[in-house]
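In what follows, a structure is listed as structure tokens, so that the remarks can point back to it.
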Amino acid sequence: MFQAGKAGAGTGECMEKDYKVELLAPAGSPEGFYGAVHAGADAVYLAGDRFGARAYAENFTDRELTECIRYGHMLGRKIYLTVNTLLKEEEMDGLYAYLVPFYEAGLDAVIVQDLGVLRFVRTYFPGLDIHVSTQMAVTGSGGALLLKKMGVKRIIPARELSLAELCSMKRQTGLEIETFIHGAMCYCYSGQCLFSSILGGRSGNRGRCAQPCRLPYSIGTGRGKECYPLSLKDMCTIDQIPALIQAGIDSFKIEGRMKKPEYAAGVTDVYRRYIDYYYELREKMGVQEADRAYRVKKEDRNCLGSLYIRSGVESGYYFRRNGGEMVTMDSPAYSKTDEALLATIREKHLDAPLKIPVEAAAYFHVGMPARVVLQWGECRCEVTGQEVEPASRQPISADNVRKQLGKLGESCFYAERITVELDGNSFYPLKQINELRREAVAALEQEILSFRGYGVPGKALSAREGTGEPCREEGGREQNLNGEGPGPKETCPQKGFVLSVSSVRQLQTVAEWISCQDAGEAMRFYVDGDLLVKSWAEAKPYCRQLSSRGRIYAALPVILRESDREYLEKLYALAAESGMFSGFLARSMEGAGFLDGKGRAFVCRLDAGIYVWNKWAMAEAASFGDGFCLPWELKASEQKGLPDTLPAEKIVYGRIPMMITANCLFRTGGQCRRKTGDRHITVLKDRLRKEFPVMADCLHCTNVIYNSVPLSLHQELDRWRGRADLRMDFTLETGEEVRAVLDTFFHNAPFPMKEYTTGHERRGVL
């Protein structure tokens with residue numbers, strides 16, 4: 001376990017950086033933005049009226065957002081724009097016009113999930129930093145290094161990573177790391193949740209999650225007691241600030257763009273004070289003594305607990321893999337919010353704007369040009385006007401000049417001191433004094449922006465300049481929309497079938513069934529990596545049998561963590577030494593990154609969890625993959641609208657994975673099964689008595705929650721033949737069920753299951 005005062009303990013010798021951690025606050029509205037800034041945020045993340053993963057937040061108009069960018073930069077704060085949803089092909093057309101005004105206003109970075117958005121921003125908006133959202137579920141250095149090749153500067157890893165894993169990622173990649181320190185927690189690895197999407201068409205990948213994880217369920221096949229096993233407690237790490245700082249994390253992120261402005265300001269204020277407090281302790285007494293001296297006051301802990309927090313809080317996954325203590329089993333409701341506290345926060349941070357103190361000076365001497373000077377620190381601006389005339393009747397007074405210079409209400413400044421020099425008989429029109437003041441304010445604003453590193457705003461490339469095909473990338477790689485790049489290329493003479501198996505019994509059934517069929521279909525086989533690693537002796541003859549009928553690929557786990565490194569090396573060596581395998585199925589960015597790090601000696605197919613929703617994403621996927629799987633959430637017409645520049649496959653049968661989780665239903669119930677085997681099955685039952693199978697994978701310490709009924713497109717095959725390889729995923733099926741499904745798809749036999757779904761084939765998602 002990572003401990004305060006021992007920054008290198010169990011972390012791969014992670015070194016703390018030599019600058020202060022960034023405090024990053026949320027803003028769902030302009031009021032929330034100003035509150036967060038006034039409360040001490042170093043940076044703010046927010047969304048415009050499109051493409052943000054909080055579609056139901058108030059969000060910002062274009063004008064409000066550009067004003068916030070300028071205001072934030074005047075105060076030395078950074079602004080990050082969330083463009084962290086998956087975009088359909090037709091939506092990409094509006095991305096350029098949407099981003100241009102923010103880019104030219106000096107936006108500091110965009111936060112992205114979609115590989116197509118990543119490529120688009122890199123192509124058209126040079127110099128704009130790209131941060132990868134936690135929605136991309138980056139779980140290790142392999143995926144992070146792959147994204148670094150794509151031009152990414154910062155990773156917001158999966159929330160499930162430990163402090164030791166974060167240190168390892170930082171050390172191995174050199175990328176900036178941003179992690180959550182406070183707020184709501186998702187039960188599923190972010191970006192891998194299809195629960196809301198499949199049940200109601202509201203996709204979490206589109207910012208419209210209906211939060212089915214906050215509903216009651218019972219566990220097991222009987223009539224168990226209903227509870228809230230998928231509802232995690234909110235995160236609060238105010239007590240762990242010393243350990244998190246020592247880990248070298250670059251940015252501390254507060255969750256909550258959907259919450260009220262008082263929440264953003266209040267939580268930011270508390271964390272600002274304690275981050276500064278800890279750094280002050282270290283300056284006075286050193287690291288170890290500071291760790292021992294660090295204390296959180298009861299009133300500040302109570303303040304955090306009174307601001308839109310669910311009953312009970314935990315420190316997240318930083319110091320544990322999972323556990324029932326992280327779950328709000330009894331109720332996911334929010335605790336009562338202290339109205340008096342909200343009023344105090346509003347008065348302190350929301351009612352009065354934050355201003356920069358400046359010194360003003362004015363010089364009015366007859367026969368000389370009028371001069372007004374504004375100064376903030378080393379930034380000084382002087383503007384001159386017409387010559388000062390002698391007064392024919394009433395001369396200007398020093399008090400009148402001070403009054404006019406002090407009218408800075410709409411600017412970012414307030415006059416801390418005003419000096420006036422004038423001749424006793426000077427005259428200058430008040431209107432022109434006001435004009436000089438406005439010119440001086442504008443000049444000083446620009447001087448301060450330049451001082452803070454914001455010079456002349458950048459210009460987006462035109463459509464002709466930024467075609468994206470081809471595009472020279474970091475390290476000299478060149479790629480284009482046809483996916484030309486390093487690594488072996490897969491060629492397939494015709495569109496055929498893909499069969500994926502996850503148990504020895506399924507593998508045996510497929511091998512025996514295929515051996516009895518005519519060799520008329522092009523075939524590809526995915527064999528679960530766990531099966532190969534654990535049961536190679538038993539699986540080997542069936543793999544050899546299948547290799548005579550098609551190509552075999554080892555399927556990597558969906559979630560890969562630092563603890564899986566030895567497993568990956570073993571699986572890779574097995575595939576290389578056996579001579580039977582053509583490549584791998586990468587189910588995550590970490591899996592793709594691992595294979596990329598091996599020099600692409602094998603073909604790399606990309607699974608549905610590596611999202612390809614548009615041609616830009618397809619082009620980016622082609623830089624590290626040799627084929628992809630059409631995504632679960634696009635309807636048929638949208639899938640068919642994608643270009644055919646990268647080999648595609650479509651899942652026509654299988655259990656849809658609704659959630660991939662680090663927490664475990666068995667362990668939450670106090671019955672960890674790790675010592676009794678690698679895979680265990682239970683059932684999650686909702687209020688309508690629908691049963692969702694749950695597979696606990698103890699080898700990788702994950703749970704997969706599947707849909708209550710399988711997906712089957714056996715009646716849609718004619719619409720897809722020749723367009724993509726047709727894939728059948730076998731996960732929980734018995735050998736007899738596998739055989740029956742194969743007979744349905746190959747020989748038009750009756751479908752063996754009573755119920756099934758066609759998923760998003762026709763309805764798509766919002």
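Ligands are numbered from 1 in the order shown, residues from 1 within each chain, and chains are lettered A, B, ... in the order they appear in the structure tokens.
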- Message: List the spatial neighbours of Tyr542 in chain A as number ranges by chain - criterion: any atom at most 9 Å away, only C-alpha atoms, same-chain residues fewer than 5 positions off excluded.
- Response: A: 504, 507-508, 510-512, 547
- Task: Name all residues at most 10 Å from Glu633 in chain A (count only C-alpha atoms; drop same-chain ones fewer than 5 positions away) and give them as a VMD selection string.
- Result: chain A and resid 194 197 to 198 201 203 205 608 611 613 638 to 639 759 to 761 763 to 766
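Distance check against Phe364 in chain A using only C-alpha atoms: of A:Gly142, A:Tyr317, A:Glu421, A:Cys381, the minimum falls on A:Glu421.
Residues in contact range of Arg561 in chain A, defined as at most 9 Å between only C-alpha atoms, with sequence neighbours fewer than 4 positions away removed, read Thr139, Gly140, Leu161, Glu165, Arg565, Glu590 and His700 of chain A.
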- Message: I want to know what sits within 10 Å of Cys193 in chain A, based on only C-alpha atoms, with residues of the same chain fewer than 6 positions away left out; could you give that as a count of residues only?
- Response: 14
- Tell me, as a ChimeraX atom specification, which residues lie within 12 Å of Val44 in chain A, counting only C-alpha atoms; anything in the same chain fewer than 3 positions away does not count. /A:22-30,32-41,47,65,68-69,71-73,76-82,107-111,251-257,264-265,268
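Every protein, DNA or RNA residue with an atom at most 8 Å from Ile656 in chain A, where only C-alpha atoms count and chain neighbours fewer than 5 positions away do not, is listed here: Tyr706, Asn707, Pro710 and Leu711 of chain A.
Of the residues under consideration (A:Phe624, A:Tyr756, A:Tyr318, A:Tyr653), A:Phe624 shows the shortest atom-to-atom contact distance to Gly599 in chain A when counting only C-alpha atoms.
Closest approach to Phe125 in chain A among A:Val112, A:Thr173, A:Glu755, A:Lys459 is made by A:Lys459 (distances from only C-alpha atoms).
Distances here use only C-alpha atoms; by that measure, the residue among A:Cys698, A:Ala573, A:Leu646, A:Leu422 closest to Arg605 in chain A is A:Leu646.
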